[in-house]
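Text of protein_3.csv (CSV, C-alpha atoms) as supplied:
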```
chain,number,residue,atom,x,y,z
A,1,MET,CA,-4.6,-13.4,-29.0
A,2,SER,CA,-7.0,-12.2,-31.7
A,3,LEU,CA,-4.2,-12.8,-34.3
A,4,LEU,CA,-3.7,-16.3,-33.1
A,5,GLU,CA,-7.4,-17.0,-33.3
A,6,LYS,CA,-7.6,-15.7,-36.9
A,7,TYR,CA,-4.1,-16.6,-38.2
A,8,PRO,CA,-2.9,-19.6,-36.2
A,9,THR,CA,-0.1,-20.8,-38.6
A,10,VAL,CA,3.1,-19.4,-39.9
A,11,GLN,CA,1.7,-19.7,-43.4
A,12,ASP,CA,-1.2,-17.5,-42.5
A,13,VAL,CA,1.2,-14.8,-41.2
A,14,LEU,CA,3.4,-15.0,-44.3
A,15,SER,CA,0.5,-14.7,-46.7
A,16,PRO,CA,0.6,-11.2,-48.4
A,17,GLU,CA,-3.2,-11.3,-48.6
A,18,ASN,CA,-3.5,-11.1,-44.8
A,19,LYS,CA,-1.1,-8.2,-44.3
A,20,GLN,CA,-3.6,-5.4,-44.1
A,21,TYR,CA,-6.1,-7.4,-42.1
A,22,MET,CA,-3.4,-8.3,-39.5
A,23,ILE,CA,-2.1,-4.7,-39.3
A,24,GLN,CA,-5.7,-3.5,-38.7
A,25,LEU,CA,-6.3,-6.2,-36.1
A,26,ILE,CA,-3.1,-5.1,-34.2
A,27,LYS,CA,-4.2,-1.5,-34.4
A,28,GLU,CA,-7.7,-2.2,-33.1
A,29,ASN,CA,-6.5,-4.4,-30.2
A,30,SER,CA,-3.5,-2.2,-29.2
A,31,HIS,CA,-5.5,1.0,-29.5
A,32,LYS,CA,-2.4,2.6,-31.0
A,33,SER,CA,-1.4,4.2,-34.2
A,34,TYR,CA,-1.2,2.6,-37.6
A,35,SER,CA,2.6,3.0,-37.7
A,36,TYR,CA,2.8,1.1,-34.4
A,37,ALA,CA,0.7,-1.7,-35.8
A,38,GLU,CA,2.8,-1.8,-38.9
A,39,ALA,CA,6.0,-2.1,-37.0
A,40,LYS,CA,4.6,-4.9,-34.9
A,41,TYR,CA,3.5,-6.7,-38.0
A,42,GLU,CA,7.0,-6.5,-39.5
A,43,LYS,CA,8.4,-8.0,-36.3
A,44,LEU,CA,5.9,-10.8,-36.5
A,45,LEU,CA,6.7,-11.3,-40.1
A,46,GLN,CA,10.4,-11.6,-39.4
A,47,ALA,CA,9.8,-14.1,-36.7
A,48,ALA,CA,7.6,-16.2,-39.0
A,49,GLU,CA,10.2,-16.1,-41.7
A,50,LYS,CA,12.9,-17.4,-39.3
A,51,SER,CA,10.7,-20.2,-38.1
A,52,ILE,CA,9.4,-21.4,-41.5
A,53,GLU,CA,12.2,-23.9,-42.0
A,54,VAL,CA,11.5,-25.7,-38.8
A,55,CYS,CA,7.8,-25.3,-38.8
A,56,ILE,CA,5.6,-28.3,-39.4
A,57,VAL,CA,2.2,-27.6,-41.0
A,58,ASN,CA,-0.3,-29.4,-38.9
A,59,LEU,CA,-4.0,-28.8,-39.2
A,60,SER,CA,-4.7,-30.2,-35.7
A,61,SER,CA,-2.2,-27.7,-34.2
A,62,ALA,CA,-4.0,-24.8,-35.9
A,63,VAL,CA,-7.3,-26.0,-34.6
A,64,LEU,CA,-5.9,-26.4,-31.1
A,65,ILE,CA,-4.5,-22.8,-31.2
A,66,GLN,CA,-7.8,-21.4,-32.4
A,67,THR,CA,-9.8,-23.4,-29.8
A,68,THR,CA,-7.4,-22.3,-27.0
A,69,ALA,CA,-7.8,-18.7,-28.1
A,70,SER,CA,-11.6,-19.0,-28.1
A,71,VAL,CA,-11.5,-20.4,-24.6
A,72,ILE,CA,-9.3,-17.6,-23.3
A,73,PHE,CA,-11.7,-15.0,-24.8
A,74,SER,CA,-14.7,-16.8,-23.2
A,75,LEU,CA,-12.9,-16.7,-19.8
A,76,GLN,CA,-12.1,-13.0,-20.3
A,77,GLU,CA,-15.8,-12.3,-20.9
A,78,ALA,CA,-16.8,-14.3,-17.8
A,79,LEU,CA,-14.2,-12.5,-15.7
A,80,LYS,CA,-15.6,-9.1,-17.0
A,81,ALA,CA,-19.1,-10.2,-16.0
A,82,ILE,CA,-17.9,-11.2,-12.5
A,83,ASN,CA,-16.1,-7.9,-12.1
A,84,ASP,CA,-19.2,-6.0,-13.2
A,85,GLU,CA,-21.3,-7.9,-10.7
A,86,ILE,CA,-18.8,-7.1,-7.9
A,87,LYS,CA,-19.0,-3.5,-8.8
A,88,ARG,CA,-22.8,-3.6,-8.9
A,89,LEU,CA,-23.0,-5.3,-5.5
A,90,SER,CA,-20.5,-2.8,-4.0
A,91,LEU,CA,-22.8,0.1,-4.9
A,92,LEU,CA,-25.6,-1.5,-2.9
A,93,ASP,CA,-23.9,-0.9,0.5
A,94,GLU,CA,-23.1,2.8,1.0
A,95,ARG,CA,-20.4,2.3,3.6
A,96,PHE,CA,-18.7,-0.5,1.6
A,97,HIS,CA,-18.7,1.7,-1.4
A,98,LYS,CA,-17.3,4.6,0.6
A,99,GLU,CA,-14.5,2.5,1.9
A,100,ILE,CA,-13.7,1.2,-1.6
A,101,VAL,CA,-13.2,4.8,-2.7
A,102,LEU,CA,-11.0,5.5,0.3
A,103,LEU,CA,-8.8,2.5,-0.3
A,104,GLN,CA,-8.3,3.5,-3.9
A,105,SER,CA,-6.6,6.7,-2.6
A,106,ILE,CA,-3.7,4.4,-1.7
A,107,PRO,CA,-1.1,4.1,-4.5
A,108,GLY,CA,-1.5,0.9,-6.4
A,109,VAL,CA,-5.0,0.0,-5.1
A,110,GLY,CA,-7.7,-0.5,-7.7
A,111,GLU,CA,-11.3,-1.3,-7.3
A,112,TYR,CA,-10.8,-5.1,-7.4
A,113,THR,CA,-8.0,-4.9,-4.8
A,114,ALA,CA,-10.2,-2.8,-2.5
A,115,CYS,CA,-13.1,-5.1,-2.9
A,116,VAL,CA,-11.1,-8.2,-2.0
A,117,VAL,CA,-9.4,-6.6,1.0
A,118,LEU,CA,-12.7,-5.3,2.4
A,119,SER,CA,-14.5,-8.6,1.8
A,120,GLU,CA,-11.8,-10.4,3.8
A,121,LEU,CA,-11.4,-8.1,6.7
A,122,GLY,CA,-15.0,-7.1,7.2
A,123,ASP,CA,-15.4,-4.3,9.7
A,124,VAL,CA,-12.1,-2.7,10.6
A,125,SER,CA,-13.4,-1.8,14.0
A,126,ASN,CA,-12.9,-5.5,14.9
A,127,PHE,CA,-9.2,-4.7,15.0
A,128,SER,CA,-7.9,-2.4,17.7
A,129,LYS,CA,-4.4,-1.9,16.2
A,130,PRO,CA,-2.6,-2.6,12.9
A,131,LYS,CA,-0.7,-5.6,14.3
A,132,GLU,CA,-3.9,-7.4,14.7
A,133,LEU,CA,-4.8,-6.9,11.0
A,134,VAL,CA,-1.3,-7.9,10.0
A,135,ALA,CA,-1.8,-11.1,12.0
A,136,PHE,CA,-5.2,-11.6,10.5
A,137,PHE,CA,-3.7,-11.6,7.0
A,138,GLY,CA,-1.0,-14.0,8.1
A,139,LEU,CA,1.9,-11.6,7.7
A,140,ASP,CA,3.1,-11.9,11.4
A,141,PRO,CA,6.1,-14.1,12.3
A,142,GLY,CA,5.4,-17.7,12.7
A,143,VAL,CA,6.2,-19.5,16.0
A,144,SER,CA,8.0,-22.9,16.3
A,145,GLN,CA,6.5,-24.7,19.3
A,146,SER,CA,7.7,-27.8,21.1
A,147,GLY,CA,6.3,-28.5,24.5
A,148,THR,CA,7.0,-25.4,26.6
A,149,TYR,CA,9.5,-24.0,24.1
A,150,ASN,CA,8.4,-21.3,21.7
A,151,ARG,CA,10.6,-19.6,19.1
A,152,LYS,CA,9.8,-17.0,16.6
A,153,ASN,CA,11.2,-17.6,13.1
A,154,ASN,CA,11.6,-15.5,9.9
A,155,LYS,CA,8.7,-17.3,8.2
A,156,ILE,CA,5.3,-15.6,8.3
A,157,SER,CA,2.4,-17.5,9.9
A,158,LYS,CA,0.3,-17.5,6.7
A,159,ARG,CA,-2.9,-17.5,8.6
A,160,GLY,CA,-5.9,-16.1,6.8
A,161,SER,CA,-6.6,-15.8,3.1
A,162,PRO,CA,-3.8,-16.6,0.6
A,163,HIS,CA,-5.6,-14.6,-2.0
A,164,VAL,CA,-5.3,-11.4,0.1
A,165,ARG,CA,-1.6,-12.1,0.6
A,166,LEU,CA,-1.1,-12.4,-3.1
A,167,ILE,CA,-2.9,-9.1,-3.7
A,168,LEU,CA,-0.8,-7.5,-0.9
A,169,HIS,CA,2.4,-8.8,-2.5
A,170,MET,CA,1.4,-7.3,-5.9
A,171,LEU,CA,0.4,-4.1,-4.1
A,172,ALA,CA,3.8,-4.0,-2.4
A,173,LYS,CA,5.6,-4.5,-5.7
A,174,SER,CA,3.6,-1.7,-7.3
A,175,ASN,CA,4.7,0.7,-4.5
A,176,VAL,CA,8.5,-0.1,-4.8
A,177,TYR,CA,9.0,-0.7,-8.5
A,178,PRO,CA,8.5,1.9,-11.3
A,179,ASN,CA,5.4,1.8,-13.5
A,180,ARG,CA,5.3,1.9,-17.3
A,181,ASN,CA,6.3,5.5,-17.2
A,182,ARG,CA,9.3,4.7,-15.0
A,183,GLU,CA,7.7,6.6,-12.2
A,184,TYR,CA,7.3,5.5,-8.6
A,185,LEU,CA,3.8,5.5,-7.2
A,186,ASN,CA,5.1,5.8,-3.7
A,187,PRO,CA,8.6,7.4,-3.4
A,188,VAL,CA,8.6,7.1,0.4
A,189,MET,CA,8.0,3.3,0.2
A,190,ARG,CA,10.6,3.0,-2.5
A,191,ALA,CA,13.2,4.8,-0.3
A,192,TYR,CA,12.3,2.4,2.5
A,193,PHE,CA,12.7,-0.6,0.2
A,194,GLU,CA,16.2,0.6,-1.0
A,195,LYS,CA,17.3,1.1,2.6
A,196,LYS,CA,16.2,-2.4,3.7
A,197,ILE,CA,17.2,-4.3,0.7
A,198,ALA,CA,20.8,-3.3,1.3
A,199,GLU,CA,20.6,-5.0,4.7
A,200,LYS,CA,18.2,-8.0,4.4
A,201,PRO,CA,17.1,-10.7,1.9
A,202,TYR,CA,14.5,-9.8,-0.7
A,203,LYS,CA,11.6,-11.9,0.8
A,204,ILE,CA,12.0,-10.5,4.2
A,205,VAL,CA,12.0,-6.9,2.8
A,206,MET,CA,8.9,-7.6,0.7
A,207,CYS,CA,7.1,-9.0,3.8
A,208,ALA,CA,8.0,-5.8,5.6
A,209,ILE,CA,6.6,-3.7,2.7
A,210,MET,CA,3.4,-5.8,2.7
A,211,ARG,CA,3.0,-5.2,6.5
A,212,LYS,CA,3.4,-1.5,5.9
A,213,MET,CA,0.7,-1.6,3.2
A,214,VAL,CA,-1.6,-3.3,5.7
A,215,GLN,CA,-0.8,-0.6,8.3
A,216,ILE,CA,-1.7,2.0,5.7
A,217,ILE,CA,-5.0,0.2,4.9
A,218,PHE,CA,-5.8,0.1,8.6
A,219,ALA,CA,-5.1,3.8,9.1
A,220,VAL,CA,-7.2,4.8,6.0
A,221,LEU,CA,-10.2,2.7,7.1
A,222,ARG,CA,-9.9,3.6,10.8
A,223,ASN,CA,-9.6,7.4,10.2
A,224,GLN,CA,-12.1,7.3,7.3
A,225,LYS,CA,-9.7,9.7,5.4
A,226,PRO,CA,-7.9,9.3,2.1
A,227,PHE,CA,-4.3,8.3,2.0
A,228,GLU,CA,-1.7,11.1,2.2
A,229,LEU,CA,1.8,10.6,1.2
A,230,ARG,CA,4.2,11.6,4.0
A,231,THR,CA,7.8,11.0,4.8
A,232,PRO,CA,8.5,9.3,8.2
A,233,GLU,CA,9.7,12.7,9.5
A,234,GLU,CA,6.5,14.4,8.4
A,235,HIS,CA,4.5,11.7,10.0
A,236,GLN,CA,6.3,12.0,13.3
A,237,LYS,CA,5.9,15.7,13.2
A,238,LEU,CA,2.1,15.3,12.7
A,239,ILE,CA,1.9,12.9,15.6
A,240,ARG,CA,3.7,15.4,17.9
A,241,GLU,CA,1.4,18.2,16.8
A,242,ASN,CA,-1.7,16.1,17.4
A,243,SER,CA,-0.4,15.1,20.8
A,244,LYS,CA,0.1,18.7,21.8
A,245,LEU,CA,-3.5,19.5,20.6
A,246,ALA,CA,-4.8,16.6,22.6
A,247,ALA,CA,-3.0,17.8,25.7
```
Whole structure given in C-alpha cells:
Amino acid sequence: MSLLEKYPTVQDVLSPENKQYMIQLIKENSHKSYSYAEAKYEKLLQAAEKSIEVCIVNLSSAVLIQTTASVIFSLQEALKAINDEIKRLSLLDERFHKEIVLLQSIPGVGEYTACVVLSELGDVSNFSKPKELVAFFGLDPGVSQSGTYNRKNNKISKRGSPHVRLILHMLAKSNVYPNRNREYLNPVMRAYFEKKIAEKPYKIVMCAIMRKMVQIIFAVLRNQKPFELRTPEEHQKLIRENSKLAA
C-alpha cells in the first residue's frame, strides 16, 4: 500500500531512479531482508513491463490511487487507536482482564477476539450449561413453526450478535486449517473436522466446530482455568476420575 501511495503508475514503477527507494520501502514494510525486497521488486517490475502496452497514463487515476491509499492508512490508524482504547479499558476491570487472558489460552483466540466474546456474553454464570451459550450466539438449530407444528431444520437460528458468529467462524477455521508454518493449532479439532467432513456438508461441519469452540469458551470461563488440549479419550478419562473422587 505504501508503494501505491508513493508510486501509483506503471511509469513510476519502471523508472530506474525509483528502484532503490522502492526496494527500501518494501524492506521496511515487510520487515524482511534486502534480498527478499529485491526479489519482490523484480516481480513487480515484470508485472509492470507486461502491462505497459495496455496501460493508459491517466493523472486522475494516479490521484485516485494515492487518495485511496491515504484513506486506508487513516482507517488503519483509527483502528489502532480503537484497539488501544479497548485494551486500556479491559485493564480497568480486573475480572474482565483475567478472563481475557484465560480465553487467549484457547488456540486461535487473540486479545480482540476475547474482548468481543466477553463483551457480548457478559457474565458466564448467567448460563447454566454450554447449550445455553450456543443458543445465545445463535448457533442452535432453527425451528420451522406453523400452528402447532414444529420442525427443526439444518439452519442455525442466528439469534444474537452476527459479529460474534463471524469471529467464531474465523476461530473455527484457525483450529482446523494449518497456519503459515503449516502447523495445526488444534490437532484434536482438526481430527474431528476430517472425520465429519467425510460424512456431512462443509457448512454443517463448520457450524459443529463453532459450537465446539463455544463449549470450550464456556468451560474455560466456568472453571476459570486455562485451556488444555485433550483428546476425547483423555477427556472422558478425566471425567471418570473426577466422578470417582466426587463419590
*asked:* Residues near A:Phe137, anyone? I mean within 7 Å using all atoms listed in the file, not counting same-chain ones fewer than 5 positions away, as a PyMOL selection string.
replied: chain A and resi 159-161+165
_Given only C-alpha atoms as the basis, pick out the residue of A:Val214, A:Val13, A:Ala81, A:Met170 nearest to A:Glu49._
A:Val13
*May I ask for the distance between atom CA of A:Ala219 and atom CA of A:Lys129, given in Å to one decimal place?*
9.1 Å
Give me, as an mmCIF file with C-alpha atoms, in the coordinates of the input, all polymer residues having an atom no more than 12 Å from A:Glu5, counting only C-alpha atoms and skipping those fewer than 5 positions away in the same chain.
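around36.cif, freshly written:
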```
data_model
loop_
_atom_site.group_PDB
_atom_site.id
_atom_site.type_symbol
_atom_site.label_atom_id
_atom_site.label_comp_id
_atom_site.auth_asym_id
_atom_site.auth_seq_id
_atom_site.Cartn_x
_atom_site.Cartn_y
_atom_site.Cartn_z
ATOM 1 C CA ASP A 12 -1.200 -17.500 -42.500
ATOM 2 C CA VAL A 13 1.200 -14.800 -41.200
ATOM 3 C CA MET A 22 -3.400 -8.300 -39.500
ATOM 4 C CA LEU A 25 -6.300 -6.200 -36.100
ATOM 5 C CA SER A 61 -2.200 -27.700 -34.200
ATOM 6 C CA ALA A 62 -4.000 -24.800 -35.900
ATOM 7 C CA VAL A 63 -7.300 -26.000 -34.600
ATOM 8 C CA LEU A 64 -5.900 -26.400 -31.100
ATOM 9 C CA ILE A 65 -4.500 -22.800 -31.200
ATOM 10 C CA GLN A 66 -7.800 -21.400 -32.400
ATOM 11 C CA THR A 67 -9.800 -23.400 -29.800
ATOM 12 C CA THR A 68 -7.400 -22.300 -27.000
ATOM 13 C CA ALA A 69 -7.800 -18.700 -28.100
ATOM 14 C CA SER A 70 -11.600 -19.000 -28.100
ATOM 15 C CA VAL A 71 -11.500 -20.400 -24.600
ATOM 16 C CA ILE A 72 -9.300 -17.600 -23.300
ATOM 17 C CA PHE A 73 -11.700 -15.000 -24.800
#
```
*Find the residues around A:Ile23 up to 7 Å (all atoms listed in the file counted), leave out those fewer than 4 positions away in its own chain, and share them as a ChimeraX atom specification.*
/A:19,27,37-38,41
*With distances taken over only C-alpha atoms, which of A:Val117, A:Leu79, A:Leu171, A:Cys207 is nearest to A:Ser157?*
A:Cys207
*stretch 178-190 of chain A: which residues within 12 Å, counting all atoms listed in the file, same-chain residues fewer than 6 positions away excluded, as number ranges by chain?*
A: 105-109, 171-172, 196-197, 205-206, 208-213, 216, 227-235
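Between atom CA of A:Pro141 and atom CA of A:Lys155 lies a distance of 5.8 Å.
The spacing separating atom CA of A:Ser74 from atom CA of A:Asn18 amounts to 25.0 Å.
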*Between A:Glu241, A:Glu99, A:Asp140, A:Glu77, which is the closest to A:Asp123 once you count only C-alpha atoms?*
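Closest candidate: A:Glu99.
Comparing A:Ala48, A:Val116, A:Val10, A:Ile156 by their smallest distance to A:Ala135, the closest is A:Ile156 (using only C-alpha atoms).
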_Selection near A:Leu221, 8 Å with only C-alpha atoms, sequence-local residues under 6 positions removed, as a list in words_ =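 Neighbouring residues, sequence-local ones excluded: Glu99, Leu102, Leu103 and Val124 of chain A.
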*asked:* Using all atoms listed in the file and a cutoff of 12 Å, can you tell me which residues are near (-16.0, 4.9, -2.9) in the file's coordinates, and write them out as a ChimeraX atom specification?
replied: /A:87,90-105,110-111,114-115,118,221,224-226
